[in-house]
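Text of entry_32.cif (mmCIF, C-alpha atoms) as supplied:
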data_final
loop_
_atom_site.label_atom_id
_atom_site.label_comp_id
_atom_site.auth_asym_id
_atom_site.auth_seq_id
_atom_site.Cartn_x
_atom_site.Cartn_y
_atom_site.Cartn_z
CA MET A 1 10.63 7.90 6.60
CA GLY A 2 12.97 5.52 4.85
CA ALA A 3 14.21 5.22 1.28
CA GLU A 4 11.71 4.96 -1.56
CA ASN A 5 11.34 1.61 -3.31
CA GLN A 6 10.02 1.73 -6.86
CA VAL A 7 8.59 -0.53 -9.51
CA ARG A 8 8.26 0.67 -13.12
CA TRP A 9 6.33 -0.68 -16.08
CA GLY A 10 5.42 0.00 -19.68
CA ILE A 11 7.15 1.16 -22.83
CA PRO A 12 7.32 4.98 -22.68
CA ALA A 13 5.17 6.79 -25.25
CA SER A 14 7.13 10.00 -24.53
CA GLU A 15 10.42 11.16 -23.05
CA ALA A 16 8.78 11.17 -19.60
CA GLY A 17 9.74 7.51 -19.10
CA PRO A 18 7.75 4.51 -17.88
CA SER A 19 4.94 4.64 -15.34
CA GLY A 20 5.43 3.22 -11.87
CA LEU A 21 4.80 3.30 -8.15
CA GLY A 22 7.13 4.33 -5.36
CA PHE A 23 6.58 3.62 -1.67
CA THR A 24 8.38 5.07 1.33
CA GLY A 25 7.46 3.46 4.64
CA VAL A 26 7.28 5.39 7.89
CA GLY A 27 9.79 4.80 10.65
CA ALA A 28 8.96 4.07 14.27
CA THR A 29 5.27 4.77 14.80
CA PRO A 30 3.21 4.27 17.96
CA ILE A 31 0.06 2.27 17.21
CA THR A 32 -2.93 0.91 19.07
CA LEU A 33 -4.70 -2.30 18.07
CA GLY A 34 -7.60 -1.43 15.77
CA SER A 35 -6.55 2.20 15.25
CA ILE A 36 -5.68 3.52 11.80
CA PHE A 37 -2.06 4.61 11.30
CA GLN A 38 0.07 5.78 8.38
CA LEU A 39 2.04 3.04 6.62
CA GLY A 40 3.89 5.39 4.28
CA ALA A 41 3.78 7.59 1.20
CA LEU A 42 2.79 6.16 -2.19
CA ARG A 43 3.80 7.99 -5.38
CA HIS A 44 2.39 7.20 -8.82
CA PHE A 45 4.57 8.14 -11.78
CA ASN A 46 1.76 8.42 -14.32
CA ASN A 47 3.29 8.72 -17.77
CA PRO A 48 1.85 7.82 -21.18
CA ILE A 49 2.97 4.25 -21.94
CA TYR A 50 2.34 1.15 -24.03
CA ASP A 51 2.05 -2.32 -22.44
CA ALA A 52 0.63 -1.28 -19.09
CA ALA A 53 0.69 -3.38 -15.93
CA ASN A 54 -2.65 -4.10 -14.30
CA SER A 55 -1.27 -4.93 -10.85
CA VAL A 56 1.87 -5.03 -8.73
CA GLY A 57 2.63 -6.82 -5.49
CA LEU A 58 3.39 -4.83 -2.35
CA SER A 59 5.08 -6.48 0.62
CA VAL A 60 4.91 -4.51 3.86
CA THR A 61 7.19 -5.59 6.69
CA LEU A 62 6.14 -4.59 10.19
CA ASP A 63 8.99 -4.60 12.68
CA PHE A 64 7.46 -4.92 16.15
CA ALA A 65 10.50 -3.56 18.03
CA GLU A 66 12.13 -6.59 19.69
CA ILE A 67 9.87 -9.13 17.97
CA ALA A 68 10.41 -10.93 14.67
CA ASP A 69 9.34 -9.06 11.55
CA GLU A 70 5.91 -9.80 10.09
CA ILE A 71 5.57 -9.56 6.30
CA PHE A 72 2.17 -8.90 4.71
CA ASN A 73 1.56 -9.12 0.96
CA PHE A 74 -1.02 -7.18 -1.02
CA THR A 75 -1.88 -6.76 -4.69
CA MET A 76 -2.20 -3.16 -5.80
CA ASN A 77 -4.53 -2.89 -8.82
CA ILE A 78 -3.65 -0.38 -11.53
CA ASP A 79 -6.31 0.90 -13.90
CA GLU A 80 -3.89 2.28 -16.50
CA THR A 81 -6.31 4.10 -18.82
CA THR A 82 -5.90 4.47 -22.58
CA ASN A 83 -5.64 8.29 -22.40
CA SER A 84 -8.24 8.73 -25.14
CA GLY A 85 -11.99 8.86 -25.45
CA THR A 86 -14.19 9.32 -22.40
CA CYS A 87 -12.16 9.24 -19.19
CA SER A 88 -13.33 6.92 -16.39
CA TYR A 89 -12.14 9.32 -13.66
CA PHE A 90 -11.99 13.10 -13.27
CA SER A 91 -9.08 14.16 -15.45
CA VAL A 92 -7.24 17.44 -15.87
CA THR A 93 -5.22 15.89 -18.71
CA PRO A 94 -6.77 12.77 -20.29
CA CYS A 95 -6.89 10.33 -18.72
CA ALA A 96 -6.27 9.83 -14.99
CA ASP A 97 -5.44 6.34 -13.64
CA LYS A 98 -6.67 4.57 -10.49
CA ILE A 99 -4.70 2.65 -7.86
CA SER A 100 -6.74 0.36 -5.59
CA TRP A 101 -6.87 -3.15 -4.10
CA ASN A 102 -9.44 -5.97 -4.00
CA ASN A 103 -8.47 -7.54 -0.69
CA ALA A 104 -7.63 -5.17 2.16
CA LEU A 105 -6.58 -7.95 4.56
CA GLY A 106 -2.99 -9.15 4.64
CA ASP A 107 -2.22 -12.65 3.40
CA ARG A 108 -1.05 -13.88 6.80
CA SER A 109 -1.75 -13.44 10.49
CA PHE A 110 0.07 -13.58 13.79
CA SER A 111 -1.00 -14.56 17.30
CA TYR A 112 -1.17 -12.14 20.19
CA ASP A 113 -2.82 -12.73 23.54
CA GLY A 114 -4.70 -15.78 22.21
CA LYS A 115 -6.13 -13.99 19.16
CA GLU A 116 -5.13 -13.83 15.49
CA TYR A 117 -4.31 -10.43 13.96
CA THR A 118 -3.40 -9.15 10.51
CA LEU A 119 -2.61 -5.90 8.74
CA GLU A 120 -5.58 -4.34 6.95
CA LEU A 121 -5.20 -1.61 4.33
CA SER A 122 -7.62 1.16 5.33
CA GLY A 123 -7.27 3.65 2.49
CA PHE A 124 -5.44 6.63 1.07
CA LYS A 125 -5.23 10.26 2.15
CA LEU A 126 -4.14 12.98 -0.26
CA SER A 127 -2.67 14.88 2.70
CA PRO A 128 -1.72 13.57 6.17
CA ASP A 129 -4.77 15.22 7.74
CA GLY A 130 -7.12 14.65 4.77
CA GLU A 131 -10.11 12.34 4.46
CA LEU A 132 -9.57 8.60 4.02
CA VAL A 133 -10.56 7.41 0.51
CA SER A 134 -10.60 3.90 -0.97
CA ASP A 135 -9.02 4.72 -4.36
CA PHE A 136 -6.05 6.85 -5.40
CA ILE A 137 -6.81 8.76 -8.62
CA SER A 138 -3.63 9.99 -10.30
CA GLN A 139 -3.57 12.57 -13.09
CA GLU A 140 -1.88 11.65 -16.37
CA GLY A 141 1.51 13.11 -17.22
CA GLY A 142 2.90 13.70 -13.75
CA THR A 143 3.67 12.32 -10.33
CA SER A 144 0.89 12.18 -7.72
CA GLU A 145 1.32 11.33 -4.04
CA ALA A 146 -1.02 9.85 -1.48
CA TYR A 147 -0.48 8.45 2.00
CA LEU A 148 -1.34 4.80 2.62
CA TYR A 149 -3.04 3.93 5.91
CA GLY A 150 -3.73 0.63 7.64
CA ARG A 151 -4.53 -0.92 10.98
CA ILE A 152 -3.77 -4.06 12.94
CA ARG A 153 -7.08 -5.84 13.34
CA GLU A 154 -8.37 -9.12 14.59
CA VAL A 155 -8.72 -11.70 11.83
CA PRO A 156 -12.29 -12.80 11.14
CA GLU A 157 -12.81 -16.38 12.33
CA GLU A 158 -12.98 -17.80 8.78
CA ARG A 159 -9.68 -16.09 7.75
CA SER A 160 -7.57 -17.21 10.71
CA THR A 161 -4.59 -19.35 9.81
CA PRO A 162 -2.81 -21.16 12.59
CA GLU A 163 0.80 -20.03 12.99
CA PRO A 164 3.28 -20.31 15.81
CA SER A 165 2.42 -17.86 18.56
CA LEU A 166 4.63 -14.84 18.91
CA MET A 167 5.35 -14.19 22.55
CA PHE A 168 5.48 -10.47 23.07
CA GLY A 169 3.99 -7.83 25.30
CA LEU A 170 1.87 -4.88 24.37
CA ALA A 171 5.09 -2.88 24.28
CA GLY A 172 5.80 -4.75 21.04
CA PHE A 173 3.06 -2.67 19.43
CA ALA A 174 4.58 0.58 20.72
CA ALA A 175 6.82 1.09 17.71
CA LEU A 176 7.10 -0.35 14.26
CA GLY A 177 9.30 0.23 11.28
CA LEU A 178 8.02 -0.37 7.79
CA ARG A 179 9.92 -1.74 4.86
CA ARG A 180 8.41 -2.60 1.55
CA ARG A 181 9.21 -4.63 -1.54
CA TRP A 182 7.50 -4.44 -4.92
CA VAL A 183 6.79 -7.48 -7.05
CA ASN A 184 5.63 -7.01 -10.65
CA SER A 185 2.66 -9.11 -11.69
#

I'd like the structure from this file rewritten - as structure tokens, please.
Amino acid sequence: MGAENQVRWGIPASEAGPSGLGFTGVGATPITLGSIFQLGALRHFNNPIYDAANSVGLSVTLDFAEIADEIFNFTMNIDETTNSGTCSYFSVTPCADKISWNNALGDRSFSYDGKEYTLELSGFKLSPDGELVSDFISQEGGTSEAYLYGRIREVPEERSTPEPSLMFGLAGFAALGLRRRWVNS
């Protein structure tokens, strides 16, 4: 695993500081086309705040060994709850927040063996060998961690965007390094 990149938001309502997300990408990871693999660890710093963000941008860079990097952009939705009244999600301390996304497919594609591929976000796991879930529910007043998973999949015909072909062998999929960059929105 690499270094954690963070994005923070909100005016703290306590000494705990602002809320935020941190992501640490995995290092070299063997993958197979279509198979789910771990992208990294996502931490949510869920503190009481004013002026919440409702989304942040996440850029994931896949480094296909000796091939040029491929950068995929996603919008992570943040349901930053009001911490009062009836909680929308199971909450130990009112009220838990939810991290999710609307579009699981990356914003770009690349060519391999005459087909277009992209990175698809597959879900979260609360532990490396846990069940895959679509939303990350994070308890208020602490830091929660989940593991983000994805897969390289063929782009549906209507989503394909022509780009210059990348000439590489299947060995290019043998290892990848992940880097990430947050963009506030």

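The point (2.1, 17.1, -9.1) has these residues within 12 Å of it, counting all atoms listed in the file: Arg43, His44, Phe45, Asn46, Val92, Leu126, Ser138, Gln139, Glu140, Gly141, Gly142, Thr143, Ser144, Glu145 and Ala146 of chain A.
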
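Nearest to Asn83 of chain A of all the residues A:Leu21, A:Ile11, A:Ile99, A:Ile49 is A:Ile49, based on all atoms listed in the file.
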
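Taking atom CA of Asp97 of chain A and atom CA of Ala3 of chain A as the two end points, the separation is 24.7 Å.
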
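Closest approach to Phe136 of chain A among A:Leu42, A:Ile152, A:Ala68, A:Cys95: A:Leu42, based on all atoms listed in the file.
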
Inset, instruction - Can you work out which one of A:Val7, A:Leu148, A:Leu58, A:Ala16 has the shortest atom-to-atom distance to Glu131 of chain A, counting all atoms listed in the file? - result: A:Leu148

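Checking A:Ala13, A:Ile71, A:Ala41, A:Pro30 one by one against Gly123 of chain A, counting only C-alpha atoms, you find the shortest gap at A:Ala41.
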
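When atom CA of Ala28 of chain A is paired with atom CA of Arg153 of chain A, their separation reads 18.9 Å.
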
Inset, instruction - Pick out the closest residue to Ser59 of chain A from this set: A:Ser100, A:Asn5, A:Thr29, A:Ser134. Count only C-alpha atoms. - result: A:Asn5

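Interatomic distance, atom CA of Glu80 of chain A against atom CA of Ala52 of chain A: 6.3 Å.
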
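Residues matched by the PyMOL selection byres ((chain A and resi 103-106) around 10) in this file are Ser59, Val60, Ile71, Phe72, Asn73, Phe74, Thr75, Met76, Ser100, Trp101, Asn102, Asp107, Arg108, Ser109, Tyr117, Thr118, Leu119, Glu120, Leu121, Ser122, Gly123, Gly150, Arg151, Ile152, Arg153, Val155, Pro156 and Arg159 of chain A.
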
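Nearest to Pro94 of chain A of all the residues A:Ile31, A:Gln38, A:Phe64, A:Thr82 is A:Thr82, counting all atoms listed in the file.
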
Inset, instruction - Decode the PyMOL selection byres ((chain A and resi 4) around 8) for the given file into explicit residues and return them as a ChimeraX atom specification. - result: /A:2-3,5-6,22-25

Please dump the current selection as a PDB file, in the coordinates of the input; keep C-alpha atoms.
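Done, and the output landed in result-v1.pdb:
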ATOM      1  CA  GLY A   2      12.970   5.520   4.850  1.00  0.00           C
ATOM      2  CA  ALA A   3      14.210   5.220   1.280  1.00  0.00           C
ATOM      3  CA  ASN A   5      11.340   1.610  -3.310  1.00  0.00           C
ATOM      4  CA  GLN A   6      10.020   1.730  -6.860  1.00  0.00           C
ATOM      5  CA  GLY A  22       7.130   4.330  -5.360  1.00  0.00           C
ATOM      6  CA  PHE A  23       6.580   3.620  -1.670  1.00  0.00           C
ATOM      7  CA  THR A  24       8.380   5.070   1.330  1.00  0.00           C
ATOM      8  CA  GLY A  25       7.460   3.460   4.640  1.00  0.00           C
TER       9      GLY A  25
END
